[in-house]
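Just below is one structure, and these are the notes that go with it.
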Amino acid sequence: MEDPVIARRAIRKFMSLPVTQEEIKKLIAAFQAAPCGMHQASVMQASVIVDPALRAEVESKTNNSCYGAPLLFVISTKKGNNFGERNASVAAENVMIEATELGLGSVYIMSGASQLNSYPDLKEKLGITTGFDATVIVCVGKAADQPKLEDRSQRYQVVIK
Ligand SMILES: Cc1cc2nc3c(=O)[nH]c(=O)nc-3n(C[C@H](O)[C@H](O)[C@H](O)COP(=O)(O)O)c2cc1C
């Protein structure tokens with residue numbers, strides 16, 4: 001298989017096929033292996049949402065930000081923590097790379113995570129601890145569509161000195 005870091009692409013169309021228990025275990029293991037600033041693990045947590053009713057509520061309250069994905073990996077971080085967005089982003093990448101390795105599609109969602117934070121009742125239903133905010137949602141599922149393959153080899157400026 002191609003290097004999963006290079007093979008990963010943002011996927012925005014998913015099949016309704018559920019993510020299996022074995023795949024969920026591997027996605028969680030990838031999340032658990034993520035680095036965290038100053039080894040402060042207690043400032044980040046995740047809610048893995050597969051329940052259809054909960055997913056539908058997240059979609060309806062976030063303008064369908066999660067593209068109907070069958071699994072939402074909601075990564076939350078302690079409010080005001082300096083490492084929050086950084087921790088959540090490296091963890092999200094771990095989950096997305098593992099998803100690619102498993103033959104699953106994924107996408108990093110910032111907009112839906114921010115919108116979610118306006119709904120304390122929904123946050124509670126998702127198991128997000130008081131004092132934490134959703135920072136990133138990683139949507140995961142079998143891709144229903146492959147995006148046009150953009151050449152990303154020159155996306156960013158890189159200098160070597
Ligand atoms: C900080 C950040 C925020 C993002 N937020 C969203 C989002 O809210 N909705 C979405 O569809 N994609 C979102 N993405 C995915 C990007 O749009 C996607 O990574 C970008 O278009 C590049 O495509 P690629 O991941 O296939 O290389 C986000 C990515 C990052 C890194």
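Residue names in the structure tokens use chain letters A, B, ... in the order shown, residue numbers from 1 in each chain, and ligand numbers from 1 in the order shown.
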Could you give me, as a PyMOL selection string, the residues within 8 Å of Gln45 (chain A), counting only C-alpha atoms and dropping anything in the same chain fewer than 4 positions from it?
-> chain A and resi 75-77+128
In region 40-103 of chain A, DSSP helix (DSSP H, G or I) residues written as number ranges by chain | A: 41-43, 52-61, 84-101
Please, which residues in chain A fall within 7 Å of ligand 1 when counting only C-alpha atoms and all ligand atoms, and what is the closest atom pair and distance in Å to one decimal for each, ordered by chain then residue number, as JSON lines?
```
{"residue": "A:Arg8", "atom": "CA", "partner": "ligand 1", "partner_atom_place_in_ligand_line": "26 (O)", "distance": 6.7}
{"residue": "A:Arg9", "atom": "CA", "partner": "ligand 1", "partner_atom_place_in_ligand_line": "26 (O)", "distance": 3.5}
{"residue": "A:Ala10", "atom": "CA", "partner": "ligand 1", "partner_atom_place_in_ligand_line": "26 (O)", "distance": 3.8}
{"residue": "A:Arg12", "atom": "CA", "partner": "ligand 1", "partner_atom_place_in_ligand_line": "11 (O)", "distance": 6.6}
{"residue": "A:Ser65", "atom": "CA", "partner": "ligand 1", "partner_atom_place_in_ligand_line": "9 (N)", "distance": 6.6}
{"residue": "A:Val107", "atom": "CA", "partner": "ligand 1", "partner_atom_place_in_ligand_line": "15 (C)", "distance": 5.8}
{"residue": "A:Tyr108", "atom": "CA", "partner": "ligand 1", "partner_atom_place_in_ligand_line": "14 (N)", "distance": 4.7}
{"residue": "A:Ile109", "atom": "CA", "partner": "ligand 1", "partner_atom_place_in_ligand_line": "7 (C)", "distance": 3.9}
{"residue": "A:Met110", "atom": "CA", "partner": "ligand 1", "partner_atom_place_in_ligand_line": "8 (O)", "distance": 4.0}
{"residue": "A:Ser111", "atom": "CA", "partner": "ligand 1", "partner_atom_place_in_ligand_line": "8 (O)", "distance": 3.9}
{"residue": "A:Gly112", "atom": "CA", "partner": "ligand 1", "partner_atom_place_in_ligand_line": "8 (O)", "distance": 6.1}
```
May I have the selected residues written with all heavy atoms, as an mmCIF file, in the first residue's frame?
```cif
data_model
loop_
_atom_site.group_PDB
_atom_site.id
_atom_site.type_symbol
_atom_site.label_atom_id
_atom_site.label_comp_id
_atom_site.auth_asym_id
_atom_site.auth_seq_id
_atom_site.Cartn_x
_atom_site.Cartn_y
_atom_site.Cartn_z
ATOM 1 N N ARG A 8 -3.524 9.743 2.246
ATOM 2 C CA ARG A 8 -4.685 10.371 2.898
ATOM 3 C C ARG A 8 -5.185 11.566 2.101
ATOM 4 O O ARG A 8 -4.400 12.394 1.665
ATOM 5 C CB ARG A 8 -4.305 10.826 4.320
ATOM 6 C CG ARG A 8 -5.477 11.417 5.109
ATOM 7 C CD ARG A 8 -5.041 12.505 6.079
ATOM 8 N NE ARG A 8 -4.341 13.582 5.409
ATOM 9 C CZ ARG A 8 -4.947 14.583 4.745
ATOM 10 N NH1 ARG A 8 -6.252 14.660 4.681
ATOM 11 N NH2 ARG A 8 -4.213 15.518 4.142
ATOM 12 N N ARG A 9 -6.482 11.658 1.933
ATOM 13 C CA ARG A 9 -7.123 12.794 1.271
ATOM 14 C C ARG A 9 -8.363 13.143 2.061
ATOM 15 O O ARG A 9 -8.962 12.258 2.669
ATOM 16 C CB ARG A 9 -7.602 12.434 -0.146
ATOM 17 C CG ARG A 9 -6.558 11.868 -1.054
ATOM 18 C CD ARG A 9 -5.946 12.944 -1.913
ATOM 19 N NE ARG A 9 -4.709 12.477 -2.516
ATOM 20 C CZ ARG A 9 -3.899 13.236 -3.220
ATOM 21 N NH1 ARG A 9 -4.186 14.510 -3.410
ATOM 22 N NH2 ARG A 9 -2.791 12.768 -3.738
ATOM 23 N N ALA A 10 -8.769 14.388 2.024
ATOM 24 C CA ALA A 10 -10.032 14.764 2.678
ATOM 25 C C ALA A 10 -11.184 14.124 1.906
ATOM 26 O O ALA A 10 -11.325 14.338 0.701
ATOM 27 C CB ALA A 10 -10.170 16.279 2.686
ATOM 28 N N ARG A 12 -15.299 13.638 1.622
ATOM 29 C CA ARG A 12 -16.530 14.333 2.025
ATOM 30 C C ARG A 12 -17.790 13.635 1.533
ATOM 31 O O ARG A 12 -18.866 14.225 1.523
ATOM 32 C CB ARG A 12 -16.490 15.795 1.547
ATOM 33 C CG ARG A 12 -15.343 16.586 2.158
ATOM 34 C CD ARG A 12 -15.433 18.066 1.860
ATOM 35 N NE ARG A 12 -14.372 18.805 2.536
ATOM 36 C CZ ARG A 12 -13.155 18.974 2.042
ATOM 37 N NH1 ARG A 12 -12.838 18.475 0.857
ATOM 38 N NH2 ARG A 12 -12.242 19.664 2.720
ATOM 39 N N SER A 65 -22.251 19.377 8.925
ATOM 40 C CA SER A 65 -20.800 19.549 8.758
ATOM 41 C C SER A 65 -20.049 18.223 8.638
ATOM 42 O O SER A 65 -18.885 18.220 8.236
ATOM 43 C CB SER A 65 -20.229 20.322 9.956
ATOM 44 O OG SER A 65 -20.264 19.501 11.111
ATOM 45 N N VAL A 107 -12.035 13.030 7.221
ATOM 46 C CA VAL A 107 -11.799 14.469 7.011
ATOM 47 C C VAL A 107 -11.755 15.155 8.375
ATOM 48 O O VAL A 107 -12.459 14.760 9.307
ATOM 49 C CB VAL A 107 -12.878 15.098 6.076
ATOM 50 C CG1 VAL A 107 -14.272 15.008 6.656
ATOM 51 C CG2 VAL A 107 -12.538 16.549 5.734
ATOM 52 N N TYR A 108 -10.922 16.181 8.453
ATOM 53 C CA TYR A 108 -10.746 17.011 9.661
ATOM 54 C C TYR A 108 -11.824 18.091 9.615
ATOM 55 O O TYR A 108 -11.920 18.822 8.635
ATOM 56 C CB TYR A 108 -9.351 17.623 9.578
ATOM 57 C CG TYR A 108 -8.884 18.533 10.694
ATOM 58 C CD1 TYR A 108 -7.692 18.238 11.384
ATOM 59 C CD2 TYR A 108 -9.534 19.714 11.018
ATOM 60 C CE1 TYR A 108 -7.200 19.078 12.370
ATOM 61 C CE2 TYR A 108 -9.044 20.557 12.014
ATOM 62 C CZ TYR A 108 -7.881 20.235 12.685
ATOM 63 O OH TYR A 108 -7.389 21.071 13.671
ATOM 64 N N ILE A 109 -12.630 18.194 10.661
ATOM 65 C CA ILE A 109 -13.695 19.205 10.680
ATOM 66 C C ILE A 109 -13.502 20.168 11.852
ATOM 67 O O ILE A 109 -13.553 19.769 13.016
ATOM 68 C CB ILE A 109 -15.097 18.538 10.812
ATOM 69 C CG1 ILE A 109 -15.351 17.584 9.656
ATOM 70 C CG2 ILE A 109 -16.198 19.586 10.909
ATOM 71 C CD1 ILE A 109 -15.479 18.218 8.303
ATOM 72 N N MET A 110 -13.280 21.431 11.488
ATOM 73 C CA MET A 110 -13.149 22.462 12.519
ATOM 74 C C MET A 110 -14.486 23.172 12.733
ATOM 75 O O MET A 110 -14.894 23.422 13.861
ATOM 76 C CB MET A 110 -12.081 23.469 12.097
ATOM 77 C CG MET A 110 -11.773 24.509 13.133
ATOM 78 S SD MET A 110 -10.377 25.535 12.643
ATOM 79 C CE MET A 110 -11.203 26.763 11.676
ATOM 80 N N SER A 111 -15.174 23.473 11.610
ATOM 81 C CA SER A 111 -16.404 24.275 11.696
ATOM 82 C C SER A 111 -17.449 23.586 12.580
ATOM 83 O O SER A 111 -17.996 24.210 13.500
ATOM 84 C CB SER A 111 -16.973 24.521 10.295
ATOM 85 O OG SER A 111 -17.258 23.279 9.674
ATOM 86 N N GLY A 112 -17.702 22.324 12.324
ATOM 87 C CA GLY A 112 -18.730 21.604 13.085
ATOM 88 C C GLY A 112 -18.368 21.492 14.552
ATOM 89 O O GLY A 112 -19.243 21.562 15.426
#
```
Could you write out, as an MDAnalysis selection string, all the residues of region 18-47 of chain A that DSSP marks as strand (DSSP E)?
-> chainID A and resid 44:47
Save out the residues we just selected, N, CA, C and O atoms, as a PDB file, in the first residue's frame.
```pdb
ATOM      1  N   MET A  44      -6.991  16.424  27.163  1.00  0.00           N
ATOM      2  CA  MET A  44      -7.640  16.030  25.898  1.00  0.00           C
ATOM      3  C   MET A  44      -8.420  14.739  26.103  1.00  0.00           C
ATOM      4  O   MET A  44      -8.029  13.876  26.893  1.00  0.00           O
ATOM      5  N   GLN A  45      -9.516  14.618  25.385  1.00  0.00           N
ATOM      6  CA  GLN A  45     -10.341  13.398  25.453  1.00  0.00           C
ATOM      7  C   GLN A  45     -11.051  13.225  24.115  1.00  0.00           C
ATOM      8  O   GLN A  45     -11.034  14.133  23.277  1.00  0.00           O
ATOM      9  N   ALA A  46     -11.646  12.054  23.913  1.00  0.00           N
ATOM     10  CA  ALA A  46     -12.372  11.825  22.658  1.00  0.00           C
ATOM     11  C   ALA A  46     -13.698  11.133  22.923  1.00  0.00           C
ATOM     12  O   ALA A  46     -13.828  10.341  23.855  1.00  0.00           O
ATOM     13  N   SER A  47     -14.674  11.449  22.099  1.00  0.00           N
ATOM     14  CA  SER A  47     -15.961  10.746  22.082  1.00  0.00           C
ATOM     15  C   SER A  47     -16.100  10.137  20.702  1.00  0.00           C
ATOM     16  O   SER A  47     -16.015  10.853  19.698  1.00  0.00           O
TER      17      SER A  47
END
```
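With only C-alpha atoms as the atoms that count, the residue of A:Lys13, A:Ala92, A:Leu126, A:Pro18 with the shortest distance to Val48 (chain A) is A:Leu126.
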With only C-alpha atoms as the basis for distance, which of A:Val158, A:Val50, A:Met38, A:Ile28 is at the shortest distance from Ala99 (chain A)?
-> A:Ile28
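When only C-alpha atoms are used to measure the gap to Met96 (chain A), the shortest distance among A:Ala33, A:Met15, A:Val140, A:Leu72 belongs to A:Val140.
Restricting the calculation to only C-alpha atoms, the smallest distance between Lys148 (chain A) and any of A:Ala134, A:Ile160, A:Ile11, A:Ala53 is found for A:Ile11.
Atom pair CA of Gly68 (chain A) / CA of Glu93 (chain A): separated by 20.1 Å.
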Pairwise distance for CA of Gly103 (chain A) and CA of Cys36 (chain A), rounded to one decimal in Å | 26.4 Å
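Pairwise distance (CA of Ser153 (chain A), CA of Ala91 (chain A)) equals 23.4 Å.
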Taking into account only C-alpha atoms, which residue in the set A:Arg86, A:Ser118, A:Leu104, A:Ile97 is nearest to Ala143 (chain A)?
-> A:Leu104
Nearest to Ala29 (chain A): which of A:Leu54, A:Val43, A:Glu98, A:Asn63 is it, counting only C-alpha atoms?
-> A:Glu98
Close residues, Gln115 (chain A) itself excluded, 12 Å, only C-alpha atoms, min 5 positions apart in chain, as a PyMOL selection string | chain A and resi 58-66+109-110+120+122-123+133-137
If you keep N, CA and C atoms, can you produce a file of those selected residues as a PDB file, in the first residue's frame?
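Listing of result24.pdb after writing:
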```pdb
ATOM      1  N   VAL A  58     -25.900  15.783  15.806  1.00  0.00           N
ATOM      2  CA  VAL A  58     -24.691  16.579  15.518  1.00  0.00           C
ATOM      3  C   VAL A  58     -24.836  17.218  14.133  1.00  0.00           C
ATOM      4  N   GLU A  59     -25.261  16.438  13.156  1.00  0.00           N
ATOM      5  CA  GLU A  59     -25.402  16.973  11.788  1.00  0.00           C
ATOM      6  C   GLU A  59     -26.411  18.128  11.773  1.00  0.00           C
ATOM      7  N   SER A  60     -27.552  17.926  12.447  1.00  0.00           N
ATOM      8  CA  SER A  60     -28.598  18.953  12.345  1.00  0.00           C
ATOM      9  C   SER A  60     -28.187  20.239  13.068  1.00  0.00           C
ATOM     10  N   LYS A  61     -27.371  20.134  14.111  1.00  0.00           N
ATOM     11  CA  LYS A  61     -26.978  21.342  14.855  1.00  0.00           C
ATOM     12  C   LYS A  61     -25.714  21.991  14.285  1.00  0.00           C
ATOM     13  N   THR A  62     -25.073  21.328  13.305  1.00  0.00           N
ATOM     14  CA  THR A  62     -23.824  21.886  12.754  1.00  0.00           C
ATOM     15  C   THR A  62     -23.901  22.043  11.231  1.00  0.00           C
ATOM     16  N   ASN A  63     -25.125  22.268  10.736  1.00  0.00           N
ATOM     17  CA  ASN A  63     -25.305  22.463   9.280  1.00  0.00           C
ATOM     18  C   ASN A  63     -24.713  21.322   8.458  1.00  0.00           C
ATOM     19  N   ASN A  64     -24.964  20.104   8.899  1.00  0.00           N
ATOM     20  CA  ASN A  64     -24.485  18.907   8.161  1.00  0.00           C
ATOM     21  C   ASN A  64     -22.980  18.954   7.901  1.00  0.00           C
ATOM     22  N   SER A  65     -22.251  19.377   8.925  1.00  0.00           N
ATOM     23  CA  SER A  65     -20.800  19.549   8.758  1.00  0.00           C
ATOM     24  C   SER A  65     -20.049  18.223   8.638  1.00  0.00           C
ATOM     25  N   CYS A  66     -20.692  17.113   8.988  1.00  0.00           N
ATOM     26  CA  CYS A  66     -19.960  15.837   9.041  1.00  0.00           C
ATOM     27  C   CYS A  66     -20.256  14.915   7.864  1.00  0.00           C
ATOM     28  N   ILE A 109     -12.630  18.194  10.661  1.00  0.00           N
ATOM     29  CA  ILE A 109     -13.695  19.205  10.680  1.00  0.00           C
ATOM     30  C   ILE A 109     -13.502  20.168  11.852  1.00  0.00           C
ATOM     31  N   MET A 110     -13.280  21.431  11.488  1.00  0.00           N
ATOM     32  CA  MET A 110     -13.149  22.462  12.519  1.00  0.00           C
ATOM     33  C   MET A 110     -14.486  23.172  12.733  1.00  0.00           C
ATOM     34  N   PRO A 120     -24.661  22.961  24.962  1.00  0.00           N
ATOM     35  CA  PRO A 120     -24.194  22.234  26.146  1.00  0.00           C
ATOM     36  C   PRO A 120     -24.901  20.899  26.355  1.00  0.00           C
ATOM     37  N   LEU A 122     -26.114  18.853  24.080  1.00  0.00           N
ATOM     38  CA  LEU A 122     -25.585  17.883  23.122  1.00  0.00           C
ATOM     39  C   LEU A 122     -24.170  17.471  23.535  1.00  0.00           C
ATOM     40  N   LYS A 123     -23.371  18.451  23.988  1.00  0.00           N
ATOM     41  CA  LYS A 123     -22.009  18.113  24.455  1.00  0.00           C
ATOM     42  C   LYS A 123     -22.092  17.060  25.564  1.00  0.00           C
ATOM     43  N   ASP A 133     -14.129  21.720  25.519  1.00  0.00           N
ATOM     44  CA  ASP A 133     -14.818  22.072  24.267  1.00  0.00           C
ATOM     45  C   ASP A 133     -14.395  21.104  23.174  1.00  0.00           C
ATOM     46  N   ALA A 134     -15.328  20.841  22.266  1.00  0.00           N
ATOM     47  CA  ALA A 134     -14.967  20.072  21.073  1.00  0.00           C
ATOM     48  C   ALA A 134     -13.996  20.943  20.259  1.00  0.00           C
ATOM     49  N   THR A 135     -12.889  20.358  19.817  1.00  0.00           N
ATOM     50  CA  THR A 135     -11.866  21.116  19.086  1.00  0.00           C
ATOM     51  C   THR A 135     -11.798  20.678  17.631  1.00  0.00           C
ATOM     52  N   VAL A 136     -11.854  19.390  17.400  1.00  0.00           N
ATOM     53  CA  VAL A 136     -11.834  18.841  16.039  1.00  0.00           C
ATOM     54  C   VAL A 136     -12.790  17.643  16.000  1.00  0.00           C
ATOM     55  N   ILE A 137     -13.498  17.513  14.901  1.00  0.00           N
ATOM     56  CA  ILE A 137     -14.218  16.252  14.652  1.00  0.00           C
ATOM     57  C   ILE A 137     -13.515  15.591  13.465  1.00  0.00           C
TER      58      ILE A 137
END
```
Excluding same-chain residues fewer than 6 positions from Leu102 (chain A), what lies within 12 Å of it counting only C-alpha atoms, as number ranges by chain?
-> A: 1, 4, 7-8, 19-20, 22-27, 30, 95-96, 140-143
